[in-house]
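Trainee: There's a structure below that I have some questions on.
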Amino acid sequence: MIKSNICLTMASKLVVCCEETCMATSTIAQRLEAIRRFNRFYTQQIGVLTEGYLESSFSLTEARVIYELAHHETTTATELGNELGLDAGYLSRILRNFKNHGLIDKQPSPRDGRQSLLRLTEQGQAAFAKLNARSHADIETMLSRLSAEDQHRLVEAMLTIERLLGVQPEQKVPYILRPHQPGDMGWVVHRHGVLYAQEYGWDEQFEALVASIVAEFIQNYDPKRERCWIAEMNGEIVGSVFLVKKSDTVAKLRLLLVEPKARGFGIGRRLVDECIRFARQTGYKTIALWTNSVLLAARHIYEQAGFRLVHEEPHHSFGQDLIGETWELNL
Ligand SMILES: CC(C)(COP(=O)(O)OP(=O)(O)OC[C@H]1O[C@@H](n2cnc3c(N)ncnc32)[C@H](O)[C@@H]1OP(=O)(O)O)[C@@H](O)C(=O)NCCC(=O)NCCS
């Protein structure tokens, strides 16, 4: 009796086990298929199956490499390869192609002579800005078809996927730099007017001065020797700087501005560094700039970059008593 009971229990356990195993197997198979179906759906949804990604001449991998370059001040092929899990030979062909098309610049690394420091050139930044704007617009269109609540659910679901699959915290700079494009000058004038009024009480005479500076920049723009850099964070403009020709040997740094919400990430310093690098590359001997003693964070950045205060003078402008300062950096 006892024996047959044991047999019965074992048999029923066996049935349960078998059912659990079958259920587990079919659930795994279903999960696998669901994930594969989702992958097929989403790759089509975001247009990665088309030959030129986002209607550009780049493949998806090239676009991904250019994205990484845009989000680092400088990087190396090894870092890029590790971050993207790309085969070294394949990556090296992509980078050679970028170099041949003038999209990246390579300089020997001061820390490791075997490595080159890679950065996007002006042309590379412009190419990335186009891809970025296109991707932004496509996702905006996708989101616009959903209610605010569904947009929230979608983003939460995506964050859940990232968390579950163990995404590493990003090591990149949280912004990109790009050359100016239509509409940017209006932003520069508007934000200078608003922020200097809020932060320093300057009146609209300052906004008028900024308007005249940007108008002159656009009307007399010399692309070989002048530049404007616009910083963007999450698709929004958050900063600007200009380097303009004062004479054949002297460049002038102007209109450095970073939105309060984007300050403290190193954007201001990076914008100044870009001006210095470009000025050196294009053969200027000196960079000069005019600032005011109340602009403490900017003075700190100029000082750290090696600029020296060469002249100061009190003046009454923009409704305030100010001390104007001229700073110079010998290149
Ligand atoms: C100046 C400005 C562009 C800096 O932008 P940012 O993106 O915050 O700059 P960064 O993050 O690269 O660096 C800011 C530096 O200033 C320092 N700083 C910030 N506030 C400061 C202050 N009140 N006094 C001294 N240093 C200050 C920070 O500590 C940091 O230096 P660190 O890296 O050595 O610690 C931004 O503050 C701004 O737009 N100010 C108003 C406009 C302006 O003054 N423009 C200059 C025109 S000449």
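Convention: chains lettered A, B, ... in structure tokens order; per-chain residue numbering from 1; ligands numbered from 1 as shown.
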How would you report the residues lying within 10 Å of ligand 1, as number ranges by chain, if you count only C-alpha atoms and all ligand atoms?

Mentor: A: 191-192, 195-196, 199-200, 231, 238-241, 253-273, 289-304, 324-327

Trainee: Can you write just those residues out, N, CA and C atoms, as a short mmCIF file (atom, residue, chain, number, x, y, z; two decimals), in the first residue's frame?

Mentor:
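Listed below is the output, result.cif:
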```cif
data_model
loop_
_atom_site.label_atom_id
_atom_site.label_comp_id
_atom_site.auth_asym_id
_atom_site.auth_seq_id
_atom_site.Cartn_x
_atom_site.Cartn_y
_atom_site.Cartn_z
N ARG A 191 18.98 84.79 -26.85
CA ARG A 191 19.42 84.28 -25.56
C ARG A 191 20.42 85.23 -24.88
N HIS A 192 21.25 85.92 -25.67
CA HIS A 192 22.13 86.92 -25.05
C HIS A 192 21.28 88.01 -24.41
N LEU A 195 19.40 86.40 -21.22
CA LEU A 195 20.23 85.95 -20.09
C LEU A 195 21.02 87.09 -19.45
N TYR A 196 21.58 88.00 -20.26
CA TYR A 196 22.33 89.11 -19.67
C TYR A 196 21.40 90.05 -18.90
N GLU A 199 20.67 87.94 -15.63
CA GLU A 199 21.79 87.65 -14.74
C GLU A 199 22.58 88.89 -14.33
N TYR A 200 22.61 89.91 -15.21
CA TYR A 200 23.44 91.08 -14.91
C TYR A 200 22.69 92.40 -15.02
N ALA A 231 26.48 74.62 -29.50
CA ALA A 231 26.41 73.40 -28.67
C ALA A 231 24.95 73.00 -28.54
N VAL A 238 22.19 74.94 -26.66
CA VAL A 238 22.49 75.37 -25.28
C VAL A 238 23.72 76.27 -25.20
N GLY A 239 24.38 76.55 -26.34
CA GLY A 239 25.56 77.39 -26.23
C GLY A 239 26.10 77.83 -27.57
N SER A 240 27.00 78.84 -27.50
CA SER A 240 27.59 79.34 -28.74
C SER A 240 28.94 79.98 -28.45
N VAL A 241 29.76 80.04 -29.49
CA VAL A 241 30.95 80.87 -29.46
C VAL A 241 31.33 81.18 -30.91
N LEU A 253 37.77 86.19 -30.17
CA LEU A 253 36.78 85.25 -29.64
C LEU A 253 35.59 86.06 -29.15
N ARG A 254 34.37 85.69 -29.57
CA ARG A 254 33.20 86.51 -29.22
C ARG A 254 32.00 85.63 -28.85
N LEU A 255 31.09 86.25 -28.11
CA LEU A 255 29.76 85.69 -27.84
C LEU A 255 29.76 84.27 -27.27
N LEU A 256 30.62 84.08 -26.26
CA LEU A 256 30.60 82.80 -25.54
C LEU A 256 29.39 82.82 -24.60
N LEU A 257 28.56 81.83 -24.75
CA LEU A 257 27.37 81.75 -23.89
C LEU A 257 26.96 80.29 -23.72
N VAL A 258 26.59 79.92 -22.49
CA VAL A 258 26.02 78.60 -22.24
C VAL A 258 24.77 78.79 -21.39
N GLU A 259 23.70 78.12 -21.77
CA GLU A 259 22.45 78.20 -21.03
C GLU A 259 22.66 77.76 -19.58
N PRO A 260 22.02 78.42 -18.61
CA PRO A 260 22.22 78.03 -17.20
C PRO A 260 22.04 76.53 -16.95
N LYS A 261 21.02 75.92 -17.58
CA LYS A 261 20.77 74.50 -17.29
C LYS A 261 21.88 73.58 -17.84
N ALA A 262 22.71 74.12 -18.75
CA ALA A 262 23.77 73.28 -19.34
C ALA A 262 25.15 73.65 -18.79
N ARG A 263 25.19 74.55 -17.80
CA ARG A 263 26.50 74.96 -17.28
C ARG A 263 27.10 73.90 -16.37
N GLY A 264 28.42 73.94 -16.27
CA GLY A 264 29.10 73.02 -15.35
C GLY A 264 29.43 71.68 -15.97
N PHE A 265 29.08 71.47 -17.26
CA PHE A 265 29.42 70.20 -17.94
C PHE A 265 30.71 70.33 -18.76
N GLY A 266 31.33 71.50 -18.71
CA GLY A 266 32.56 71.67 -19.50
C GLY A 266 32.32 72.23 -20.89
N ILE A 267 31.08 72.64 -21.18
CA ILE A 267 30.78 73.13 -22.55
C ILE A 267 31.51 74.45 -22.81
N GLY A 268 31.50 75.35 -21.82
CA GLY A 268 32.17 76.65 -21.98
C GLY A 268 33.65 76.47 -22.29
N ARG A 269 34.32 75.62 -21.50
CA ARG A 269 35.75 75.37 -21.71
C ARG A 269 35.98 74.74 -23.09
N ARG A 270 35.12 73.79 -23.45
CA ARG A 270 35.29 73.10 -24.74
C ARG A 270 35.14 74.10 -25.89
N LEU A 271 34.17 75.02 -25.79
CA LEU A 271 33.96 76.01 -26.86
C LEU A 271 35.20 76.89 -27.01
N VAL A 272 35.78 77.28 -25.86
CA VAL A 272 37.01 78.09 -25.91
C VAL A 272 38.16 77.27 -26.50
N ASP A 273 38.26 76.00 -26.09
CA ASP A 273 39.32 75.12 -26.64
C ASP A 273 39.21 74.97 -28.15
N LEU A 289 40.18 88.96 -26.83
CA LEU A 289 38.74 88.99 -26.52
C LEU A 289 38.46 90.13 -25.57
N TRP A 290 37.23 90.61 -25.64
CA TRP A 290 36.79 91.67 -24.75
C TRP A 290 35.73 91.11 -23.83
N THR A 291 35.92 91.34 -22.53
CA THR A 291 34.91 90.84 -21.59
C THR A 291 34.71 91.89 -20.50
N ASN A 292 33.98 91.53 -19.47
CA ASN A 292 33.74 92.47 -18.37
C ASN A 292 34.02 91.79 -17.04
N SER A 293 34.49 92.58 -16.07
CA SER A 293 34.98 91.99 -14.82
C SER A 293 33.91 91.19 -14.08
N VAL A 294 32.62 91.47 -14.33
CA VAL A 294 31.57 90.74 -13.60
C VAL A 294 31.35 89.32 -14.13
N LEU A 295 31.91 89.02 -15.29
CA LEU A 295 31.66 87.69 -15.89
C LEU A 295 32.70 86.68 -15.36
N LEU A 296 32.48 86.29 -14.10
CA LEU A 296 33.51 85.56 -13.36
C LEU A 296 33.82 84.17 -13.93
N ALA A 297 32.77 83.43 -14.30
CA ALA A 297 33.02 82.06 -14.80
C ALA A 297 33.82 82.14 -16.10
N ALA A 298 33.47 83.09 -16.97
CA ALA A 298 34.17 83.22 -18.25
C ALA A 298 35.64 83.61 -18.01
N ARG A 299 35.87 84.56 -17.10
CA ARG A 299 37.25 84.98 -16.78
C ARG A 299 38.07 83.78 -16.32
N HIS A 300 37.41 82.94 -15.49
CA HIS A 300 38.10 81.75 -14.98
C HIS A 300 38.52 80.84 -16.14
N ILE A 301 37.61 80.63 -17.08
CA ILE A 301 37.92 79.75 -18.23
C ILE A 301 39.06 80.34 -19.06
N TYR A 302 39.01 81.67 -19.31
CA TYR A 302 40.06 82.31 -20.13
C TYR A 302 41.42 82.17 -19.44
N GLU A 303 41.41 82.41 -18.13
CA GLU A 303 42.66 82.33 -17.37
C GLU A 303 43.24 80.91 -17.44
N GLN A 304 42.35 79.93 -17.22
CA GLN A 304 42.79 78.52 -17.26
C GLN A 304 43.34 78.14 -18.63
N GLY A 324 35.45 97.05 -18.36
CA GLY A 324 35.73 96.26 -19.55
C GLY A 324 37.17 95.75 -19.50
N GLU A 325 37.37 94.53 -20.01
CA GLU A 325 38.70 93.93 -19.96
C GLU A 325 39.07 93.34 -21.32
N THR A 326 40.33 93.56 -21.73
CA THR A 326 40.84 92.90 -22.93
C THR A 326 41.81 91.82 -22.49
N TRP A 327 41.59 90.61 -22.99
CA TRP A 327 42.46 89.47 -22.68
C TRP A 327 43.07 88.98 -23.98
#
```

Trainee: Would you list the contacts of Pro314 (chain A) as a list in words, taking every protein, DNA or RNA residue within 8 Å and counting only C-alpha atoms, but skipping same-chain residues closer than 6 positions in sequence?

Mentor: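 Listed by chain and then number, they are Asp321, Leu322, Ile323 and Gly324 of chain A.
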
Trainee: Considering only C-alpha atoms, return as a list in words whatever protein or nucleic-acid residues lie within 12 Å of Ile218 (chain A), sequence-local ones (same chain, fewer than 5 positions apart) excluded.

Mentor: His180, Gln181, Pro182, Gly183, Asp184, Met185, Gly186, Ala211, Ser212, Ile213, Pro223, Glu226, Arg227, Cys228, Phe242 and Val244 of chain A

Trainee: Based on the selection just made, write N, CA and C atoms of those residues as a short mmCIF file (atom, residue, chain, number, x, y, z; two decimals), in the first residue's frame.

Mentor:
```cif
data_model
loop_
_atom_site.label_atom_id
_atom_site.label_comp_id
_atom_site.auth_asym_id
_atom_site.auth_seq_id
_atom_site.Cartn_x
_atom_site.Cartn_y
_atom_site.Cartn_z
N HIS A 180 27.31 76.63 -37.43
CA HIS A 180 26.02 77.36 -37.43
C HIS A 180 25.18 76.98 -38.65
N GLN A 181 23.88 77.16 -38.51
CA GLN A 181 22.95 76.92 -39.62
C GLN A 181 21.80 77.93 -39.51
N PRO A 182 20.96 78.03 -40.57
CA PRO A 182 19.91 79.05 -40.52
C PRO A 182 19.08 78.95 -39.24
N GLY A 183 18.82 80.10 -38.66
CA GLY A 183 18.03 80.14 -37.42
C GLY A 183 18.90 80.32 -36.18
N ASP A 184 20.18 79.93 -36.27
CA ASP A 184 21.03 79.99 -35.07
C ASP A 184 21.32 81.43 -34.63
N MET A 185 21.49 82.34 -35.61
CA MET A 185 21.86 83.71 -35.22
C MET A 185 20.74 84.34 -34.39
N GLY A 186 19.50 84.02 -34.77
CA GLY A 186 18.35 84.53 -34.00
C GLY A 186 18.41 84.03 -32.57
N ALA A 211 23.20 91.68 -31.94
CA ALA A 211 22.57 91.58 -33.27
C ALA A 211 23.51 92.12 -34.34
N SER A 212 24.21 93.23 -34.02
CA SER A 212 25.10 93.80 -35.03
C SER A 212 26.32 92.90 -35.24
N ILE A 213 26.80 92.25 -34.15
CA ILE A 213 27.97 91.36 -34.29
C ILE A 213 27.62 90.15 -35.17
N PRO A 223 34.86 81.52 -44.38
CA PRO A 223 34.83 80.16 -43.84
C PRO A 223 36.21 79.56 -43.59
N GLU A 226 37.17 81.83 -40.14
CA GLU A 226 36.20 82.19 -39.10
C GLU A 226 35.27 81.00 -38.84
N ARG A 227 34.78 80.96 -37.63
CA ARG A 227 33.91 79.83 -37.25
C ARG A 227 32.89 80.28 -36.20
N CYS A 228 31.78 79.56 -36.22
CA CYS A 228 30.83 79.65 -35.11
C CYS A 228 30.57 78.22 -34.68
N PHE A 242 32.03 82.30 -31.10
CA PHE A 242 32.45 82.71 -32.45
C PHE A 242 33.94 83.01 -32.42
N VAL A 244 36.36 85.19 -34.92
CA VAL A 244 36.32 86.02 -36.14
C VAL A 244 37.68 86.65 -36.38
#
```

Trainee: Using only C-alpha atoms, which residues of region 209-313 of chain A come within 10 Å of region 115-138 of chain A, and what is the closest atom pair for each, with the distance in Å to one decimal? Give it as a Markdown table, sorted by chain and residue number.

Mentor:
```
| residue | atom | partner | partner_atom | distance |
| --- | --- | --- | --- | --- |
| A:Arg227 | CA | A:Glu122 | CA | 9.0 |
| A:Trp229 | CA | A:Glu122 | CA | 9.2 |
| A:Glu232 | CA | A:Ala129 | CA | 9.6 |
| A:Asn234 | CA | A:His136 | CA | 9.1 |
| A:Gly235 | CA | A:His136 | CA | 7.1 |
| A:Phe278 | CA | A:Glu122 | CA | 9.7 |
```

Trainee: Dump C-alpha atoms for the selected residues as a PDB file, in the first residue's frame?

Mentor:
```
ATOM      1  CA  ARG A 227      33.910  79.833 -37.248  1.00  0.00           C
ATOM      2  CA  TRP A 229      30.226  76.640 -32.878  1.00  0.00           C
ATOM      3  CA  GLU A 232      23.332  71.181 -28.517  1.00  0.00           C
ATOM      4  CA  ASN A 234      19.178  66.580 -26.350  1.00  0.00           C
ATOM      5  CA  GLY A 235      18.411  68.321 -29.626  1.00  0.00           C
ATOM      6  CA  PHE A 278      41.081  76.341 -34.879  1.00  0.00           C
TER       7      PHE A 278
END
```

Trainee: Have a look at CA of Thr75 (chain A) and CA of Pro174 (chain A) and let me know their distance in Å, one decimal.

Mentor: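 Atom-to-atom, CA of Thr75 (chain A) to CA of Pro174 (chain A), that is 14.8 Å.
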